[in-house]
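For reference, upload.txt (compact mmCIF, C-alpha atoms and all ligand atoms):
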```txt
# COMPACT_ATOMS: atom_id res chain seq x y z
CA MET A 30 -16.62 -9.71 -11.33
CA GLN A 31 -17.28 -11.85 -8.27
CA TYR A 32 -15.01 -12.21 -5.26
CA PHE A 33 -14.62 -15.30 -3.10
CA SER A 34 -12.86 -15.76 0.23
CA THR A 35 -9.45 -17.43 0.27
CA ASN A 36 -10.72 -19.40 3.28
CA GLY A 37 -13.65 -20.65 1.21
CA ARG A 38 -16.29 -20.42 3.92
CA ALA A 39 -17.94 -17.07 3.14
CA ALA A 40 -20.44 -15.97 0.50
CA VAL A 41 -19.23 -14.93 -2.95
CA VAL A 42 -19.88 -11.19 -3.43
CA GLY A 43 -19.61 -8.43 -6.03
CA PHE A 44 -17.21 -5.46 -6.03
CA ARG A 45 -19.39 -3.13 -3.93
CA GLU A 46 -19.99 -5.71 -1.26
CA ALA A 47 -16.30 -6.74 -1.11
CA LEU A 48 -15.29 -3.08 -0.86
CA LEU A 49 -17.76 -2.34 1.95
CA MET A 50 -17.05 -5.55 3.89
CA GLY A 51 -13.28 -5.23 3.62
CA GLN A 52 -12.71 -8.75 4.88
CA PRO A 53 -14.95 -11.81 4.51
CA GLU A 54 -16.52 -13.14 7.71
CA ASP A 55 -14.46 -16.34 7.65
CA GLY A 56 -11.25 -14.33 8.15
CA GLY A 57 -9.95 -14.98 4.62
CA LEU A 58 -9.25 -12.37 1.94
CA TYR A 59 -11.39 -11.53 -1.06
CA PHE A 60 -9.99 -12.81 -4.36
CA PRO A 61 -11.35 -12.32 -7.90
CA SER A 62 -13.18 -15.37 -9.26
CA GLN A 63 -11.62 -14.89 -12.70
CA ILE A 64 -8.28 -13.53 -13.79
CA PRO A 65 -9.03 -11.06 -16.60
CA ASP A 66 -6.87 -10.92 -19.73
CA LEU A 67 -5.23 -7.48 -19.60
CA SER A 68 -2.34 -8.17 -21.96
CA GLU A 69 -3.38 -5.16 -24.09
CA LEU A 70 -2.16 -2.97 -21.19
CA SER A 71 1.37 -4.27 -21.74
CA GLY A 72 1.36 -3.09 -25.35
CA SER A 73 3.57 -0.28 -26.57
CA ALA A 74 0.62 1.46 -28.27
CA TRP A 75 0.16 3.42 -25.04
CA SER A 76 1.71 6.80 -24.48
CA PRO A 77 3.42 7.75 -21.26
CA GLY A 78 1.25 9.94 -19.06
CA SER A 79 -1.75 7.68 -19.38
CA GLU A 80 -1.73 6.44 -15.80
CA ALA A 81 -5.38 7.35 -15.20
CA GLU A 82 -6.47 5.66 -18.44
CA THR A 83 -4.49 2.55 -17.50
CA VAL A 84 -6.10 2.30 -14.07
CA PHE A 85 -9.49 2.82 -15.73
CA ARG A 86 -9.00 -0.05 -18.20
CA LEU A 87 -7.60 -2.23 -15.44
CA MET A 88 -10.31 -1.57 -12.87
CA HIS A 89 -13.03 -1.76 -15.49
CA ALA A 90 -12.41 -5.49 -15.58
CA TYR A 91 -12.88 -5.66 -11.82
CA VAL A 92 -15.92 -3.42 -11.24
CA ALA A 93 -17.79 -3.85 -14.54
CA GLY A 94 -21.51 -3.43 -14.07
CA GLU A 95 -21.30 -1.94 -10.59
CA ILE A 96 -19.96 1.54 -11.40
CA THR A 97 -20.81 3.24 -14.70
CA ASP A 98 -17.91 3.89 -17.09
CA ASP A 99 -18.23 7.65 -16.67
CA ALA A 100 -18.21 7.47 -12.87
CA LEU A 101 -15.29 5.03 -12.88
CA ARG A 102 -13.30 7.21 -15.24
CA ALA A 103 -13.86 10.21 -12.96
CA ILE A 104 -12.77 8.16 -9.91
CA CYS A 105 -9.59 7.07 -11.71
CA GLU A 106 -8.73 10.57 -12.91
CA GLU A 107 -9.15 12.05 -9.46
CA ALA A 108 -7.36 9.22 -7.67
CA ILE A 109 -4.32 8.78 -9.93
CA ASN A 110 -3.42 12.41 -10.58
CA PHE A 111 0.33 12.00 -10.18
CA PRO A 112 3.04 10.34 -12.29
CA PHE A 113 5.20 7.23 -11.66
CA PRO A 114 8.65 8.34 -12.91
CA LEU A 115 11.10 5.63 -13.88
CA ILE A 116 14.71 6.67 -13.31
CA GLU A 117 17.80 4.76 -14.44
CA ILE A 118 20.23 5.26 -11.53
CA GLU A 119 22.91 2.99 -12.98
CA PRO A 120 23.05 0.98 -16.22
CA GLY A 121 20.24 -1.58 -16.18
CA VAL A 122 18.86 -0.58 -12.77
CA PHE A 123 15.76 1.60 -12.63
CA VAL A 124 13.99 3.12 -9.67
CA LEU A 125 10.22 3.36 -10.06
CA GLU A 126 9.21 6.35 -7.94
CA LEU A 127 5.76 5.70 -6.52
CA PHE A 128 5.89 8.58 -4.03
CA HIS A 129 4.64 11.55 -6.02
CA GLY A 130 1.20 11.49 -4.42
CA PRO A 131 0.12 13.83 -1.60
CA THR A 132 1.62 11.81 1.29
CA LEU A 133 4.81 10.84 -0.51
CA ALA A 134 4.24 7.07 -0.37
CA PHE A 135 2.83 4.47 -2.73
CA LYS A 136 -0.12 3.88 -0.41
CA ASP A 137 -1.68 7.02 -1.94
CA VAL A 138 -2.53 4.94 -5.03
CA GLY A 139 -4.77 2.46 -3.25
CA ALA A 140 -6.07 4.82 -0.58
CA ARG A 141 -7.15 7.49 -3.07
CA PHE A 142 -8.87 4.94 -5.28
CA MET A 143 -10.67 3.27 -2.39
CA SER A 144 -11.82 6.57 -0.86
CA ARG A 145 -13.52 7.65 -4.04
CA CYS A 146 -15.20 4.27 -4.50
CA LEU A 147 -16.53 4.44 -0.95
CA GLY A 148 -17.71 8.01 -1.56
CA HIS A 149 -19.44 6.76 -4.72
CA PHE A 150 -21.39 4.11 -2.81
CA SER A 151 -21.97 6.17 0.35
CA ASN A 152 -25.45 7.32 -0.71
CA SER A 153 -26.62 3.73 -0.97
CA ILE A 154 -25.43 2.80 2.54
CA GLY A 155 -28.10 4.70 4.47
CA LYS A 156 -25.83 5.67 7.38
CA ARG A 157 -22.81 7.90 7.70
CA ALA A 158 -19.72 5.93 6.63
CA VAL A 159 -16.90 6.13 9.16
CA VAL A 160 -13.49 4.77 8.31
CA ILE A 161 -11.38 3.82 11.35
CA VAL A 162 -7.66 3.31 10.83
CA ALA A 163 -4.84 2.55 13.24
CA THR A 164 -1.47 3.50 11.80
CA SER A 165 2.21 3.21 12.54
CA GLY A 166 2.79 6.12 10.15
CA ASP A 167 2.32 5.67 6.41
CA THR A 168 -1.17 4.22 6.11
CA GLY A 169 -2.85 6.88 8.24
CA GLY A 170 -1.52 9.77 6.19
CA ALA A 171 -2.51 8.14 2.90
CA VAL A 172 -6.01 7.36 4.17
CA ALA A 173 -6.50 10.79 5.80
CA HIS A 174 -5.50 12.58 2.61
CA GLY A 175 -7.21 10.07 0.33
CA PHE A 176 -10.55 10.72 2.04
CA ALA A 177 -10.09 14.46 2.56
CA GLY A 178 -13.25 16.20 1.40
CA VAL A 179 -14.89 12.96 0.16
CA GLU A 180 -18.65 13.52 0.66
CA GLY A 181 -20.54 11.21 2.96
CA VAL A 182 -17.48 9.74 4.63
CA SER A 183 -15.70 10.59 7.89
CA VAL A 184 -12.33 9.24 8.94
CA VAL A 185 -10.88 8.47 12.37
CA ILE A 186 -7.10 8.05 12.50
CA LEU A 187 -5.34 6.61 15.56
CA TYR A 188 -1.57 6.96 15.79
CA PRO A 189 0.91 6.34 18.60
CA LYS A 190 2.09 9.64 20.09
CA GLY A 191 5.77 10.32 19.54
CA ARG A 192 6.37 7.22 17.43
CA VAL A 193 5.93 8.56 13.92
CA SER A 194 8.41 10.61 11.93
CA ARG A 195 8.27 14.40 11.69
CA VAL A 196 6.81 14.41 8.19
CA GLN A 197 4.35 11.63 9.01
CA GLU A 198 3.14 13.63 12.03
CA LEU A 199 2.54 16.64 9.78
CA GLN A 200 0.57 14.54 7.33
CA LEU A 201 -1.50 12.98 10.12
CA THR A 202 -2.39 16.23 11.83
CA ARG A 203 -2.89 18.72 8.98
CA THR A 204 -6.03 17.25 7.55
CA ALA A 205 -9.46 18.14 6.20
CA SER A 206 -12.52 18.68 8.40
CA ASN A 207 -14.00 15.22 7.74
CA VAL A 208 -10.89 13.64 9.33
CA ILE A 209 -10.51 13.24 13.10
CA THR A 210 -6.95 12.49 14.14
CA MET A 211 -6.33 11.00 17.57
CA GLU A 212 -2.89 11.00 19.07
CA VAL A 213 -2.91 8.00 21.40
CA GLN A 214 -0.76 7.77 24.51
CA GLY A 215 0.37 4.25 23.73
CA SER A 216 1.87 1.96 21.11
CA PHE A 217 0.70 1.02 17.61
CA ASP A 218 -0.76 -2.17 19.12
CA ASP A 219 -2.88 -0.05 21.48
CA CYS A 220 -4.15 1.92 18.47
CA GLN A 221 -4.96 -1.27 16.63
CA LYS A 222 -6.85 -2.63 19.63
CA LEU A 223 -8.95 0.55 19.82
CA ALA A 224 -9.76 0.32 16.11
CA LYS A 225 -10.69 -3.38 16.31
CA THR A 226 -12.90 -2.83 19.37
CA ALA A 227 -14.70 0.03 17.64
CA LEU A 228 -15.28 -1.96 14.44
CA ALA A 229 -16.97 -4.71 16.48
CA ASP A 230 -18.96 -2.39 18.78
CA PRO A 231 -22.72 -2.90 18.20
CA THR A 232 -23.66 0.51 19.65
CA LEU A 233 -21.37 2.37 17.26
CA ARG A 234 -22.42 0.13 14.39
CA HIS A 235 -26.04 0.99 15.06
CA ASN A 236 -25.36 4.65 14.34
CA TYR A 237 -22.65 4.50 11.72
CA PHE A 238 -21.45 2.31 8.90
CA LEU A 239 -17.98 1.41 10.17
CA THR A 240 -15.19 0.17 7.95
CA SER A 241 -11.43 -0.04 8.11
CA ALA A 242 -9.69 0.94 4.83
CA ASN A 243 -6.78 -1.34 5.61
CA SER A 244 -4.48 -2.64 2.94
CA ILE A 245 -6.31 -5.93 2.39
CA ASN A 246 -9.36 -4.14 0.94
CA ILE A 247 -9.68 -5.06 -2.75
CA ALA A 248 -10.18 -1.37 -3.65
CA ARG A 249 -6.74 -0.63 -2.23
CA TRP A 250 -5.09 -3.79 -3.50
CA LEU A 251 -6.20 -4.09 -7.14
CA PRO A 252 -5.29 -0.57 -8.47
CA GLN A 253 -1.67 -1.17 -7.47
CA GLN A 254 -1.31 -3.27 -10.61
CA THR A 255 -1.33 -0.04 -12.65
CA TYR A 256 2.31 0.92 -12.30
CA TYR A 257 3.58 -2.54 -13.21
CA PHE A 258 1.84 -2.12 -16.57
CA THR A 259 3.01 1.47 -17.16
CA THR A 260 6.58 0.37 -16.39
CA ILE A 261 6.56 -2.65 -18.67
CA ARG A 262 5.42 -0.42 -21.51
CA GLN A 263 8.29 1.98 -20.99
CA LEU A 264 10.80 -0.88 -20.98
CA ALA A 265 9.36 -2.66 -24.02
CA GLY A 266 11.68 -5.34 -25.40
CA LYS A 267 13.54 -5.85 -22.10
CA ARG A 268 13.13 -8.66 -19.63
CA VAL A 269 12.17 -7.00 -16.37
CA VAL A 270 12.84 -8.20 -12.83
CA PHE A 271 10.78 -6.27 -10.25
CA SER A 272 12.16 -5.90 -6.73
CA VAL A 273 9.36 -4.96 -4.34
CA PRO A 274 9.80 -3.75 -0.73
CA SER A 275 7.41 -6.09 1.06
CA GLY A 276 5.70 -6.04 4.44
CA ASN A 277 2.12 -7.18 4.21
CA PHE A 278 2.83 -8.40 0.63
CA GLY A 279 -0.06 -6.51 -1.01
CA ASN A 280 2.11 -4.61 -3.47
CA ILE A 281 3.95 -7.68 -4.74
CA ALA A 282 0.72 -9.71 -4.80
CA ALA A 283 -0.69 -7.01 -7.13
CA GLY A 284 2.35 -7.40 -9.41
CA LEU A 285 1.94 -11.17 -9.50
CA LEU A 286 -1.77 -10.83 -10.25
CA ALA A 287 -0.90 -8.46 -13.12
CA GLN A 288 1.56 -11.06 -14.41
CA SER A 289 -1.22 -13.68 -14.45
CA SER A 290 -3.31 -11.20 -16.46
CA GLY A 291 -0.67 -10.85 -19.16
CA LEU A 292 1.97 -8.47 -17.76
CA GLU A 293 5.19 -9.61 -19.40
CA ALA A 294 7.57 -9.52 -16.46
CA LYS A 295 10.43 -11.97 -16.08
CA SER A 296 10.24 -12.36 -12.31
CA PHE A 297 9.67 -10.75 -8.93
CA ILE A 298 11.78 -10.39 -5.81
CA ALA A 299 10.06 -9.89 -2.46
CA ALA A 300 12.50 -7.67 -0.58
CA CYS A 301 12.04 -8.02 3.19
CA ASN A 302 13.81 -6.56 6.20
CA ALA A 303 14.63 -8.67 9.28
CA ASN A 304 10.99 -9.79 9.32
CA ASP A 305 11.80 -12.80 7.19
CA VAL A 306 8.89 -15.26 7.54
CA VAL A 307 8.33 -15.41 3.78
CA PRO A 308 12.00 -15.90 2.80
CA ARG A 309 12.13 -18.73 5.34
CA TYR A 310 8.87 -20.16 4.07
CA LEU A 311 10.19 -20.32 0.49
CA LEU A 312 13.42 -21.91 1.72
CA THR A 313 11.95 -24.55 4.02
CA GLY A 314 8.32 -24.93 2.97
CA ASP A 315 7.22 -24.26 6.56
CA TYR A 316 5.27 -21.13 7.40
CA ASN A 317 5.82 -19.80 10.92
CA ALA A 318 4.29 -16.43 11.82
CA GLU A 319 6.26 -14.39 14.34
CA PRO A 320 5.85 -11.21 16.38
CA SER A 321 7.15 -8.33 14.26
CA ARG A 322 10.65 -6.92 14.79
CA ARG A 323 11.43 -3.21 14.66
CA THR A 324 13.66 -2.11 11.79
CA LEU A 325 14.70 1.00 9.85
CA SER A 326 12.11 0.16 7.18
CA ASN A 327 9.29 0.17 9.71
CA ALA A 328 6.38 0.13 7.27
CA MET A 329 7.48 -3.45 6.53
CA ASP A 330 7.69 -4.66 10.12
CA VAL A 331 5.12 -7.40 9.68
CA GLY A 332 5.44 -10.84 11.23
CA ASP A 333 2.44 -12.51 9.59
CA PRO A 334 1.81 -10.97 6.15
CA SER A 335 -1.88 -11.15 5.19
CA ASN A 336 -1.50 -11.07 1.43
CA LEU A 337 0.58 -14.23 1.28
CA ALA A 338 -2.84 -15.95 1.24
CA ARG A 339 -3.55 -14.24 -2.09
CA ILE A 340 -0.21 -15.29 -3.54
CA CYS A 341 -0.86 -18.90 -2.51
CA GLU A 342 -4.34 -18.70 -4.07
CA LEU A 343 -2.92 -17.29 -7.30
CA PHE A 344 -0.51 -20.22 -7.66
CA GLY A 345 -2.95 -22.94 -6.61
CA ASN A 346 -1.23 -23.36 -3.22
CA ASP A 347 1.75 -24.88 -5.03
CA ILE A 348 4.96 -23.69 -3.39
CA GLY A 349 6.95 -24.86 -6.43
CA ARG A 350 5.03 -22.44 -8.64
CA ILE A 351 5.42 -19.64 -6.10
CA ARG A 352 9.20 -20.22 -6.07
CA GLU A 353 9.33 -20.11 -9.89
CA ASN A 354 7.73 -16.66 -9.94
CA MET A 355 8.92 -15.00 -6.74
CA ALA A 356 12.22 -15.01 -4.90
CA ALA A 357 12.32 -13.65 -1.34
CA VAL A 358 15.32 -12.02 0.32
CA SER A 359 15.89 -10.64 3.83
CA ILE A 360 18.10 -7.56 4.26
CA SER A 361 19.46 -6.43 7.65
CA ASP A 362 19.39 -2.87 8.98
CA GLU A 363 23.21 -2.70 8.63
CA GLU A 364 22.94 -3.56 4.93
CA THR A 365 20.07 -1.10 4.51
CA ALA A 366 22.06 1.78 6.01
CA ALA A 367 25.17 0.86 4.01
CA THR A 368 23.07 0.75 0.83
CA ILE A 369 21.56 4.21 1.43
CA LYS A 370 25.10 5.55 1.86
CA LYS A 371 26.61 3.77 -1.11
CA VAL A 372 23.85 4.59 -3.59
CA HIS A 373 24.05 8.21 -2.49
CA GLU A 374 27.82 8.27 -3.07
CA VAL A 375 27.99 6.25 -6.28
CA CYS A 376 24.76 7.20 -8.06
CA GLY A 377 23.98 10.54 -6.40
CA TYR A 378 20.54 9.19 -5.57
CA THR A 379 18.87 9.36 -2.15
CA MET A 380 16.75 6.36 -1.20
CA ASP A 381 14.42 5.81 1.70
CA PRO A 382 15.05 2.66 3.82
CA HIS A 383 12.29 0.61 2.15
CA THR A 384 13.63 1.36 -1.32
CA ALA A 385 17.15 0.55 -0.13
CA VAL A 386 16.02 -2.89 1.04
CA ALA A 387 14.66 -3.56 -2.45
CA TYR A 388 17.77 -2.22 -4.21
CA ARG A 389 20.01 -4.39 -2.04
CA ALA A 390 17.78 -7.44 -2.57
CA LEU A 391 18.03 -6.94 -6.34
CA THR A 392 21.78 -6.53 -6.45
CA ARG A 393 22.47 -9.32 -3.96
CA SER A 394 20.24 -12.00 -5.37
CA HIS A 395 20.63 -11.40 -9.01
CA THR A 396 23.23 -11.45 -11.72
CA ARG A 397 21.56 -9.90 -14.66
CA ALA A 398 21.66 -11.35 -18.16
CA ARG A 399 22.42 -8.82 -20.92
CA ASP A 400 18.88 -8.18 -22.03
CA GLU A 401 17.59 -7.95 -18.47
CA VAL A 402 16.86 -4.89 -16.41
CA GLY A 403 15.99 -4.53 -12.75
CA VAL A 404 13.23 -2.25 -11.50
CA VAL A 405 13.31 -1.27 -7.83
CA LEU A 406 9.95 -0.07 -6.57
CA SER A 407 10.47 3.05 -4.47
CA THR A 408 7.59 3.09 -2.04
CA ALA A 409 8.34 6.31 -0.12
CA HIS A 410 10.17 9.63 -0.38
CA PRO A 411 13.34 9.68 1.78
CA VAL A 412 12.18 12.79 3.66
CA LYS A 413 9.49 10.67 5.35
CA PHE A 414 12.03 8.72 7.40
CA ASP A 415 14.23 10.65 9.80
CA SER A 416 16.85 7.86 9.72
CA VAL A 417 17.92 8.79 6.18
CA ALA A 418 19.23 12.23 7.16
CA ASP A 419 21.01 10.61 10.15
CA ILE A 420 22.68 8.00 7.93
CA LEU A 421 23.77 10.54 5.30
CA GLY A 422 24.64 13.19 7.84
CA ASN A 423 22.80 15.90 5.97
CA ASN A 424 19.28 17.17 5.64
CA ILE A 425 17.03 16.14 2.81
CA SER A 426 15.30 18.97 1.08
CA VAL A 427 11.63 19.13 1.94
CA PRO A 428 9.24 18.92 -1.00
CA GLU A 429 6.83 21.81 -1.43
CA SER A 430 3.81 19.69 -0.46
CA VAL A 431 5.33 19.14 3.01
CA ALA A 432 6.42 22.74 3.43
CA LYS A 433 2.82 23.79 2.76
CA LEU A 434 1.54 21.50 5.53
CA GLU A 435 3.70 23.29 8.06
CA MET A 436 1.65 26.42 7.54
CA LEU A 437 -1.70 24.75 8.23
CA GLU A 438 -3.35 24.56 11.63
CA ARG A 439 -2.67 21.40 13.63
CA ARG A 440 -5.85 19.36 14.08
CA ALA A 441 -5.46 16.43 16.50
CA VAL A 442 -6.83 15.40 19.87
CA GLU A 443 -4.75 13.58 22.41
CA ILE A 444 -6.34 10.61 24.20
CA THR A 445 -5.18 7.87 26.56
CA SER A 446 -5.60 4.34 25.26
CA SER A 447 -9.02 4.08 26.95
CA TYR A 448 -11.79 2.86 24.65
CA GLU A 449 -14.48 4.93 26.38
CA GLU A 450 -12.46 8.08 25.88
CA MET A 451 -12.10 7.35 22.17
CA VAL A 452 -15.84 6.73 21.75
CA GLU A 453 -16.69 9.97 23.57
CA MET A 454 -14.36 11.82 21.24
CA ILE A 455 -15.89 10.20 18.14
CA LYS A 456 -19.42 11.08 19.27
CA GLU A 457 -18.41 14.65 20.00
CA SER A 458 -16.70 15.15 16.67
CA LEU A 459 -19.11 13.50 14.22
C1 LIG A 501 3.23 -0.22 3.33
C2 LIG A 501 4.61 0.00 2.85
C3 LIG A 501 5.39 -1.05 2.31
C4 LIG A 501 4.91 -2.48 2.28
O1 LIG A 501 3.92 -2.73 1.33
P1 LIG A 501 3.08 -4.08 1.39
O2 LIG A 501 2.09 -3.97 0.31
O3 LIG A 501 2.46 -4.12 2.77
O4 LIG A 501 4.03 -5.22 1.21
C5 LIG A 501 6.63 -0.74 1.80
N1 LIG A 501 7.12 0.51 1.85
C6 LIG A 501 6.42 1.54 2.36
C7 LIG A 501 7.04 2.88 2.40
C8 LIG A 501 5.13 1.33 2.88
O5 LIG A 501 4.45 2.36 3.39
```

Full structure transcribed into structure tokens:
Amino acid sequence: MQYFSTNGRAAVVGFREALLMGQPEDGGLYFPSQIPDLSELSGSAWSPGSEAETVFRLMHAYVAGEITDDALRAICEEAINFPFPLIEIEPGVFVLELFHGPTLAFKDVGARFMSRCLGHFSNSIGKRAVVIVATSGDTGGAVAHGFAGVEGVSVVILYPKGRVSRVQELQLTRTASNVITMEVQGSFDDCQKLAKTALADPTLRHNYFLTSANSINIARWLPQQTYYFTTIRQLAGKRVVFSVPSGNFGNIAAGLLAQSSGLEAKSFIAACNANDVVPRYLLTGDYNAEPSRRTLSNAMDVGDPSNLARICELFGNDIGRIRENMAAVSISDEETAATIKKVHEVCGYTMDPHTAVAYRALTRSHTRARDEVGVVLSTAHPVKFDSVADILGNNISVPESVAKLEMLERRAVEITSSYEEMVEMIKESL
């Protein structure tokens, strides 16, 4: 498979190159040059519990020739070692729980797959691979745990001190020895600036192979198609509407790509919080990026979603075709909180704020026909967001994986937002 840039001014590359580069030099996003036919993955001949086999068949189409089948199978089995339970919380409405990985969020899927691919290629790079990630909470944990113990790769995580939730802080600071966590006295934007400066620093680049592991990397993006296929199989014979909590629009772009490859879904809803550039774009046809606004569902506080470029590419830049396949809805914080409360009361189910946005978007925008079902993608466990306990007025029981973290030693260094200080710390630790 070859990958081209959505901006069309960079060289076409193979899987390895696209993985290592992350982003093409022209500022576009890598996109596969062919859409493979994966309709066999929709078939009911598959048994449940074959997540790893599904991701293998899927990714085989995207890496063929660059990783041997045996190595790819091992990567898939290690990366996708947790289930995607589908739970009917009320008649015709299912929650697809994507948070059974080590950091309790769906980002584990892409981060674990990417880390093992990078580990696979690390011998051929010739320098130590160093992944630098700035995080507002979820991404850092998934990347830190995804790369834990991966040979040949070190990870530097930058997070804003005091601005992540209790569970996120545990996940960011109880990590393996190849992960360096820096607690930055500053905002997420300060962290991002540090990461960007480092990635462009010729002195650092001379000594290390630097890369970013952010969500636009094809090795994080493409494997997310897996759970759309496993879900469609379980709901064989039904017309499925997927409601996807969307921030940078990678998750929903993966679903739409799967649909182009033969996934038999009826339609998709992009569920957004107050950051509503895409809902407004679909309504008016004008795209206006904005500074992000802070909301309860903070992993979706994105004012200029990168992966919209991939959705436009997929539909030939035809907004009419985008509208036919994807609706987009904006849900306020008030509605989100009310939804968490109501679903807890009526269905006895506790949702995190991102999942609640998607549930509300499904029920608000959609009257279901009789043979239709709605699937709400649940992107995080409610214990990850302190607001949920506040809204429900009671504590959420802590899963065992989190309780275990509490017993490990805290590994993090505190730095100011000075670039020189960060570089010193990297040199000392690597
Ligand atoms: C990252 C994230 C999202 C948004 O996913 P995108 O692919 O960026 O649209 C939604 N929910 C949670 C919990 C996340 O961590």

Show me which residues sit within 6 Å of ligand LIG 501 (chain A) when counting all atoms listed in the file, and put them as an NGL selection string. :A and (134 or 167 or 274-280 or 328-329 or 383 or 408-409)

Counting only C-alpha atoms, which residues of range 269-305 of chain A sit at most 10 Å from some atom of range 337-353 of chain A, and what is each one's closest atom pair with its distance in Å to one decimal, listed by chain and rising residue number, as a tab-separated table?
```
residue	atom	partner	partner_atom	distance
A:Asn277	CA	A:Leu337	CA	7.8
A:Phe278	CA	A:Leu337	CA	6.3
A:Gly279	CA	A:Leu337	CA	8.1
A:Ile281	CA	A:Ile340	CA	8.8
A:Ala282	CA	A:Ile340	CA	5.8
A:Ala283	CA	A:Ile340	CA	9.0
A:Leu285	CA	A:Ile340	CA	7.6
A:Leu286	CA	A:Leu343	CA	7.2
A:Ser289	CA	A:Leu343	CA	8.2
A:Ser296	CA	A:Glu353	CA	8.2
A:Phe297	CA	A:Glu353	CA	9.4
```

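Interatomic distance, CA of His410 in chain A to CA of Glu429 in chain A: 12.7 Å.
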
Please, which residues in range 88-142 of chain A fall within 12 Å of range 200-221 of chain A when counting all atoms listed in the file, and what is the closest atom pair and distance in Å to one decimal for each, ordered by chain then residue number, as CSV?
```
residue,atom,partner,partner_atom,distance
A:Pro131,CA,A:Gln200,CA,9.0
A:Thr132,CA,A:Gln200,CA,6.7
A:Leu133,CA,A:Gln200,CA,9.7
A:Ala134,CA,A:Gln200,CA,11.3
```

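Residue nearest Gly181 in chain A within the list A:Pro120, A:Gly166, A:Gly148, A:Pro382: A:Gly148 [criterion: smallest interatomic distance, only C-alpha atoms].
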
May I ask which of the residues A:Thr97, A:Ser183, A:Ser458, A:Asn304 is the closest one to His149 in chain A, counting all atoms listed in the file? A:Thr97

Residues near Arg195 in chain A, anyone? I mean within 9 Å using all atoms listed in the file, not counting same-chain ones fewer than 3 positions away, as a PyMOL selection string. chain A and resi 198-200+413-415

Which of these residues is nearest to Ala357 in chain A, using all atoms listed in the file: A:Val184, A:Leu325, A:Ala300, A:Ile444? A:Ala300

Considering only C-alpha atoms, state which residue in the set A:Ala171, A:Leu49, A:Ile64, A:Leu434 is at the smallest distance from Gln31 in chain A. A:Ile64
